[in-house]
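**Q** If it helps, the file is called model.cif and holds mmCIF, N, CA and C atoms:
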```cif
data_input
#
loop_
_atom_site.label_atom_id
_atom_site.label_comp_id
_atom_site.auth_asym_id
_atom_site.auth_seq_id
_atom_site.Cartn_x
_atom_site.Cartn_y
_atom_site.Cartn_z
N MET A 1 49.11 120.15 132.47
CA MET A 1 49.83 119.51 131.39
C MET A 1 51.26 119.18 131.81
N LYS A 2 51.91 120.16 132.46
CA LYS A 2 53.28 119.92 132.90
C LYS A 2 53.34 118.83 133.96
N ASN A 3 52.34 118.80 134.83
CA ASN A 3 52.29 117.79 135.88
C ASN A 3 52.16 116.40 135.28
N ALA A 4 51.36 116.24 134.25
CA ALA A 4 51.19 114.94 133.60
C ALA A 4 52.47 114.52 132.89
N MET A 5 53.14 115.48 132.26
CA MET A 5 54.41 115.16 131.58
C MET A 5 55.48 114.78 132.59
N LEU A 6 55.49 115.46 133.72
CA LEU A 6 56.46 115.15 134.77
C LEU A 6 56.22 113.74 135.31
N ARG A 7 54.97 113.39 135.53
CA ARG A 7 54.65 112.04 136.02
C ARG A 7 55.06 110.98 135.00
N ALA A 8 54.77 111.24 133.73
CA ALA A 8 55.13 110.28 132.69
C ALA A 8 56.64 110.10 132.62
N ALA A 9 57.38 111.20 132.77
CA ALA A 9 58.84 111.11 132.74
C ALA A 9 59.37 110.32 133.93
N LEU A 10 58.81 110.56 135.11
CA LEU A 10 59.25 109.84 136.31
C LEU A 10 58.94 108.35 136.21
N VAL A 11 57.75 108.02 135.72
CA VAL A 11 57.38 106.60 135.59
C VAL A 11 58.29 105.91 134.58
N SER A 12 58.59 106.56 133.47
CA SER A 12 59.47 105.94 132.48
C SER A 12 60.89 105.79 133.03
N MET A 13 61.36 106.75 133.81
CA MET A 13 62.71 106.63 134.39
C MET A 13 62.75 105.50 135.41
N MET A 14 61.66 105.34 136.17
CA MET A 14 61.62 104.26 137.16
C MET A 14 61.62 102.90 136.47
N ALA A 15 61.10 102.83 135.27
CA ALA A 15 61.09 101.57 134.53
C ALA A 15 62.43 101.29 133.88
N ILE A 16 63.14 102.34 133.50
CA ILE A 16 64.41 102.17 132.79
C ILE A 16 65.56 101.84 133.72
N VAL A 17 65.62 102.46 134.90
CA VAL A 17 66.75 102.28 135.82
C VAL A 17 66.97 100.81 136.19
N PRO A 18 65.95 100.04 136.60
CA PRO A 18 66.21 98.64 136.92
C PRO A 18 66.70 97.84 135.71
N ALA A 19 66.18 98.14 134.54
CA ALA A 19 66.61 97.42 133.34
C ALA A 19 68.07 97.69 133.05
N VAL A 20 68.53 98.93 133.19
CA VAL A 20 69.93 99.28 132.94
C VAL A 20 70.83 98.63 133.98
N SER A 21 70.44 98.67 135.24
CA SER A 21 71.28 98.07 136.27
C SER A 21 71.36 96.56 136.10
N PHE A 22 70.27 95.91 135.67
CA PHE A 22 70.31 94.47 135.43
C PHE A 22 71.23 94.16 134.26
N ALA A 23 71.18 94.98 133.21
CA ALA A 23 72.04 94.75 132.05
C ALA A 23 73.50 94.86 132.43
N GLN A 24 73.82 95.81 133.31
CA GLN A 24 75.21 95.96 133.73
C GLN A 24 75.66 94.78 134.56
N SER A 25 74.83 94.32 135.48
CA SER A 25 75.23 93.19 136.32
C SER A 25 75.27 91.90 135.53
N ALA A 26 74.40 91.75 134.54
CA ALA A 26 74.39 90.54 133.73
C ALA A 26 75.63 90.47 132.85
N GLY A 27 76.13 91.61 132.40
CA GLY A 27 77.31 91.63 131.56
C GLY A 27 78.59 91.39 132.33
N THR A 28 78.59 91.67 133.62
CA THR A 28 79.78 91.53 134.43
C THR A 28 80.06 90.08 134.79
N HIS A 29 79.04 89.33 135.09
CA HIS A 29 79.20 87.95 135.53
C HIS A 29 78.44 87.02 134.61
N ASN A 30 78.81 85.78 134.63
CA ASN A 30 78.10 84.79 133.82
C ASN A 30 77.04 84.08 134.65
N GLY A 31 76.45 84.75 135.56
CA GLY A 31 75.43 84.16 136.40
C GLY A 31 75.66 84.58 137.83
N PRO A 32 74.87 84.06 138.74
CA PRO A 32 75.05 84.45 140.14
C PRO A 32 76.36 83.91 140.69
N VAL A 33 76.95 84.69 141.56
CA VAL A 33 78.22 84.30 142.18
C VAL A 33 77.92 83.40 143.37
N THR A 34 78.61 82.28 143.45
CA THR A 34 78.39 81.35 144.55
C THR A 34 79.24 81.73 145.74
N ARG A 35 78.89 81.19 146.87
CA ARG A 35 79.66 81.45 148.09
C ARG A 35 81.10 80.95 147.93
N ALA A 36 81.26 79.81 147.29
CA ALA A 36 82.60 79.26 147.08
C ALA A 36 83.44 80.19 146.21
N GLN A 37 82.83 80.82 145.20
CA GLN A 37 83.57 81.74 144.35
C GLN A 37 84.01 82.98 145.14
N VAL A 38 83.15 83.48 146.01
CA VAL A 38 83.49 84.64 146.84
C VAL A 38 84.63 84.29 147.78
N LEU A 39 84.55 83.13 148.41
CA LEU A 39 85.62 82.70 149.32
C LEU A 39 86.94 82.52 148.57
N GLN A 40 86.89 81.95 147.37
CA GLN A 40 88.10 81.74 146.58
C GLN A 40 88.72 83.09 146.19
N GLU A 41 87.88 84.05 145.84
CA GLU A 41 88.39 85.39 145.49
C GLU A 41 89.06 86.02 146.70
N LEU A 42 88.50 85.84 147.89
CA LEU A 42 89.11 86.38 149.10
C LEU A 42 90.45 85.70 149.38
N VAL A 43 90.52 84.39 149.19
CA VAL A 43 91.79 83.68 149.38
C VAL A 43 92.82 84.18 148.37
N ASP A 44 92.39 84.39 147.12
CA ASP A 44 93.30 84.89 146.09
C ASP A 44 93.80 86.29 146.43
N LEU A 45 92.91 87.15 146.95
CA LEU A 45 93.32 88.50 147.34
C LEU A 45 94.30 88.45 148.51
N GLU A 46 94.05 87.55 149.45
CA GLU A 46 94.97 87.41 150.58
C GLU A 46 96.33 86.91 150.13
N SER A 47 96.37 86.14 149.03
CA SER A 47 97.65 85.61 148.54
C SER A 47 98.55 86.71 147.98
N VAL A 48 97.98 87.88 147.67
CA VAL A 48 98.80 89.00 147.18
C VAL A 48 98.94 90.09 148.23
N GLY A 49 98.63 89.75 149.50
CA GLY A 49 98.91 90.67 150.59
C GLY A 49 97.72 91.41 151.18
N TYR A 50 96.52 91.19 150.70
CA TYR A 50 95.36 91.88 151.26
C TYR A 50 94.95 91.21 152.55
N ASN A 51 94.70 92.01 153.59
CA ASN A 51 94.28 91.48 154.88
C ASN A 51 92.98 92.18 155.27
N PRO A 52 91.84 91.50 155.14
CA PRO A 52 90.58 92.15 155.45
C PRO A 52 90.43 92.51 156.92
N ALA A 53 91.16 91.85 157.81
CA ALA A 53 91.05 92.14 159.24
C ALA A 53 91.69 93.48 159.59
N SER A 54 92.68 93.89 158.82
CA SER A 54 93.34 95.16 159.13
C SER A 54 92.83 96.29 158.24
N ALA A 55 91.71 96.08 157.58
CA ALA A 55 91.17 97.10 156.69
C ALA A 55 90.69 98.29 157.51
N ASN A 56 91.03 99.47 157.02
CA ASN A 56 90.61 100.71 157.64
C ASN A 56 89.53 101.31 156.76
N ASP A 57 88.44 101.76 157.34
CA ASP A 57 87.35 102.30 156.54
C ASP A 57 87.80 103.45 155.65
N ALA A 58 88.76 104.22 156.11
CA ALA A 58 89.22 105.37 155.32
C ALA A 58 90.04 104.93 154.12
N THR A 59 90.74 103.80 154.24
CA THR A 59 91.60 103.36 153.13
C THR A 59 91.08 102.10 152.45
N TYR A 60 89.88 101.65 152.83
CA TYR A 60 89.36 100.40 152.28
C TYR A 60 89.32 100.37 150.76
N PRO A 61 88.73 101.35 150.10
CA PRO A 61 88.65 101.23 148.65
C PRO A 61 90.02 101.13 147.99
N GLU A 62 90.96 101.94 148.43
CA GLU A 62 92.29 101.90 147.82
C GLU A 62 92.99 100.58 148.13
N ASP A 63 92.83 100.07 149.35
CA ASP A 63 93.48 98.81 149.73
C ASP A 63 93.00 97.64 148.87
N VAL A 64 91.70 97.50 148.74
CA VAL A 64 91.17 96.37 148.00
C VAL A 64 91.41 96.54 146.50
N GLN A 65 91.35 97.77 145.99
CA GLN A 65 91.63 97.99 144.57
C GLN A 65 93.09 97.71 144.25
N SER A 66 93.97 98.08 145.15
CA SER A 66 95.39 97.78 144.96
C SER A 66 95.62 96.27 144.96
N ALA A 67 94.96 95.57 145.87
CA ALA A 67 95.10 94.11 145.92
C ALA A 67 94.53 93.47 144.66
N MET A 68 93.43 94.02 144.15
CA MET A 68 92.85 93.47 142.92
C MET A 68 93.78 93.69 141.73
N ARG A 69 94.47 94.83 141.68
CA ARG A 69 95.44 95.05 140.60
C ARG A 69 96.61 94.08 140.71
N ARG A 70 97.10 93.87 141.94
CA ARG A 70 98.20 92.91 142.13
C ARG A 70 97.76 91.50 141.74
N LEU A 71 96.52 91.14 142.07
CA LEU A 71 96.00 89.82 141.72
C LEU A 71 95.89 89.67 140.20
N ALA A 72 95.44 90.72 139.52
CA ALA A 72 95.34 90.67 138.06
C ALA A 72 96.72 90.51 137.44
N GLU A 73 97.72 91.22 137.98
CA GLU A 73 99.09 91.08 137.48
C GLU A 73 99.62 89.68 137.73
N LYS A 74 99.33 89.14 138.91
CA LYS A 74 99.78 87.78 139.24
C LYS A 74 99.16 86.76 138.27
N ARG A 75 97.87 86.90 138.01
CA ARG A 75 97.21 85.97 137.10
C ARG A 75 97.75 86.11 135.68
N ALA A 76 98.03 87.35 135.26
CA ALA A 76 98.58 87.56 133.92
C ALA A 76 99.97 86.94 133.81
N ASN A 77 100.79 87.09 134.86
CA ASN A 77 102.12 86.47 134.85
C ASN A 77 102.04 84.95 134.82
N GLU A 78 101.10 84.39 135.58
CA GLU A 78 100.93 82.93 135.58
C GLU A 78 100.50 82.43 134.21
N ALA A 79 99.61 83.17 133.56
CA ALA A 79 99.16 82.77 132.22
C ALA A 79 100.31 82.88 131.22
N ARG A 80 101.12 83.93 131.34
CA ARG A 80 102.26 84.11 130.43
C ARG A 80 103.27 82.99 130.64
N LEU A 81 103.56 82.63 131.90
CA LEU A 81 104.50 81.55 132.17
C LEU A 81 103.97 80.21 131.64
N ALA A 82 102.69 79.98 131.77
CA ALA A 82 102.11 78.74 131.25
C ALA A 82 102.25 78.67 129.73
N GLN A 83 102.05 79.79 129.05
CA GLN A 83 102.20 79.81 127.60
C GLN A 83 103.66 79.58 127.21
N GLU A 84 104.58 80.16 127.96
CA GLU A 84 106.00 79.95 127.66
C GLU A 84 106.38 78.49 127.86
N GLN A 85 105.87 77.86 128.90
CA GLN A 85 106.18 76.46 129.14
C GLN A 85 105.64 75.58 128.03
N VAL A 86 104.46 75.89 127.53
CA VAL A 86 103.89 75.13 126.42
C VAL A 86 104.75 75.33 125.18
N ALA A 87 105.19 76.56 124.94
CA ALA A 87 106.00 76.85 123.76
C ALA A 87 107.35 76.14 123.84
N GLN A 88 107.92 76.02 125.02
CA GLN A 88 109.22 75.39 125.18
C GLN A 88 109.15 73.87 125.25
N SER A 89 107.98 73.32 125.50
CA SER A 89 107.88 71.88 125.68
C SER A 89 108.03 71.11 124.38
N GLY A 90 107.73 71.72 123.25
CA GLY A 90 107.84 71.04 121.98
C GLY A 90 106.62 70.23 121.62
N TYR A 91 105.69 70.13 122.53
CA TYR A 91 104.49 69.34 122.27
C TYR A 91 103.29 70.21 121.92
N GLY A 92 103.36 71.47 122.22
CA GLY A 92 102.23 72.36 121.95
C GLY A 92 101.19 72.30 123.04
N ALA A 93 100.16 73.03 122.82
CA ALA A 93 99.08 73.09 123.80
C ALA A 93 98.33 71.77 123.85
N PRO A 94 97.79 71.43 125.01
CA PRO A 94 97.01 70.21 125.08
C PRO A 94 95.80 70.31 124.17
N SER A 95 95.50 69.22 123.51
CA SER A 95 94.38 69.25 122.58
C SER A 95 93.07 69.23 123.36
N ALA A 96 92.08 69.80 122.75
CA ALA A 96 90.75 69.80 123.36
C ALA A 96 90.18 68.39 123.29
N PRO A 97 89.43 68.02 124.29
CA PRO A 97 88.83 66.68 124.25
C PRO A 97 87.95 66.56 123.01
N ASN A 98 88.06 65.43 122.36
CA ASN A 98 87.31 65.21 121.14
C ASN A 98 86.50 63.94 121.30
N ALA A 99 85.22 64.09 121.34
CA ALA A 99 84.34 62.94 121.43
C ALA A 99 83.22 63.13 120.43
N GLU A 100 82.90 62.07 119.77
CA GLU A 100 81.82 62.14 118.81
C GLU A 100 80.73 61.18 119.25
N ALA A 101 79.54 61.67 119.24
CA ALA A 101 78.39 60.85 119.60
C ALA A 101 77.27 61.17 118.65
N GLY A 102 76.40 60.25 118.47
CA GLY A 102 75.28 60.52 117.57
C GLY A 102 74.56 59.25 117.21
N ALA A 103 74.03 59.24 116.04
CA ALA A 103 73.25 58.10 115.56
C ALA A 103 74.18 56.96 115.16
N PRO A 104 73.66 55.74 115.10
CA PRO A 104 74.48 54.62 114.64
C PRO A 104 74.93 54.85 113.20
N ALA A 105 75.99 54.20 112.85
CA ALA A 105 76.52 54.34 111.49
C ALA A 105 75.47 53.92 110.48
N ALA A 106 75.38 54.68 109.42
CA ALA A 106 74.41 54.38 108.37
C ALA A 106 74.93 53.20 107.54
N VAL A 107 74.02 52.30 107.18
CA VAL A 107 74.36 51.15 106.35
C VAL A 107 74.10 51.53 104.91
N SER A 108 75.09 51.33 104.08
CA SER A 108 74.89 51.69 102.68
C SER A 108 73.96 50.69 102.01
N GLY A 109 73.15 51.16 101.11
CA GLY A 109 72.20 50.29 100.41
C GLY A 109 70.89 50.22 101.15
N SER A 110 69.84 49.87 100.47
CA SER A 110 68.53 49.84 101.09
C SER A 110 68.13 48.43 101.50
N GLU A 111 68.95 47.45 101.22
CA GLU A 111 68.62 46.07 101.54
C GLU A 111 68.89 45.82 103.02
N PRO A 112 67.98 45.14 103.74
CA PRO A 112 68.21 44.86 105.15
C PRO A 112 69.35 43.87 105.33
N PRO A 113 69.94 43.83 106.50
CA PRO A 113 71.02 42.88 106.76
C PRO A 113 70.54 41.45 106.56
N PRO A 114 71.46 40.50 106.29
CA PRO A 114 71.07 39.11 106.01
C PRO A 114 70.26 38.47 107.14
N ALA A 115 70.48 38.82 108.37
CA ALA A 115 69.76 38.19 109.47
C ALA A 115 68.27 38.53 109.46
N TYR A 116 67.88 39.58 108.79
CA TYR A 116 66.49 40.01 108.82
C TYR A 116 65.81 39.88 107.44
N ARG A 117 66.39 39.22 106.49
CA ARG A 117 65.81 39.15 105.15
C ARG A 117 64.51 38.33 105.12
N HIS A 118 64.39 37.35 105.97
CA HIS A 118 63.23 36.48 105.93
C HIS A 118 61.99 37.11 106.58
N HIS A 119 62.10 38.21 107.25
CA HIS A 119 60.95 38.85 107.91
C HIS A 119 60.30 39.85 107.02
#
```
So that I can check it, write out the structure of this file as structure tokens.

**A**
Amino acid sequence: MKNAMLRAALVSMMAIVPAVSFAQSAGTHNGPVTRAQVLQELVDLESVGYNPASANDATYPEDVQSAMRRLAEKRANEARLAQEQVAQSGYGAPSAPNAEAGAPAAVSGSEPPPAYRHH
């Protein structure tokens, strides 16, 4: 009896672990990361002083985490400066593009246009 319960518990855990890990990875990103996105992130990290060539295995996690914090601060400062510039410009934020598309305009009345009355 215990052996059957142990097997059932192991099988259920094996089914749950991949589902949980997928849920975590799906929540972190909005889809698969492209090669261009990875390269851009590396360029951004290098812009705040991270050098992957001089990475030491003993200090790697701290080095990259420190660079990621500096990058987050840099991006936050850039966003704050952009908001200040918009506030000082007097024009406000750029408006969102507005386009309307759909069906042709409805003709009021049920009578057909004059060009088609004889048909």

**Q** Hey, can you check how far atom N of A:Ala79 sits from atom N of A:Glu46?

**A**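 Calculated distance between atom N of A:Ala79 and atom N of A:Glu46 is 17.4 Å.
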
**Q** Would you compute the distance between atom N of A:Tyr50 and atom CA of A:Ala67? Give it in Å to one decimal.

**A**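 Those two atoms sit 5.8 Å apart.
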
**Q** Could you tell me how far atom C of A:Glu62 sits from atom C of A:Gly49, in Å to one decimal place?

**A**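 That distance, rounded to one decimal, is 10.8 Å.
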
**Q** Pull the neighbourhood of (97.1, 88.8, 145.3) for me: all residues within 8 Å in file coordinates, counting only N, CA and C atoms, as a list in words.

**A**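 Here is the list of nearby residues: Val43, Asp44, Leu45, Glu46, Ser47, Val48, Gly49, Tyr50, Ser66, Ala67, Met68, Arg69, Arg70, Leu71, Ala72, Glu73, Lys74 and Arg75 of chain A.
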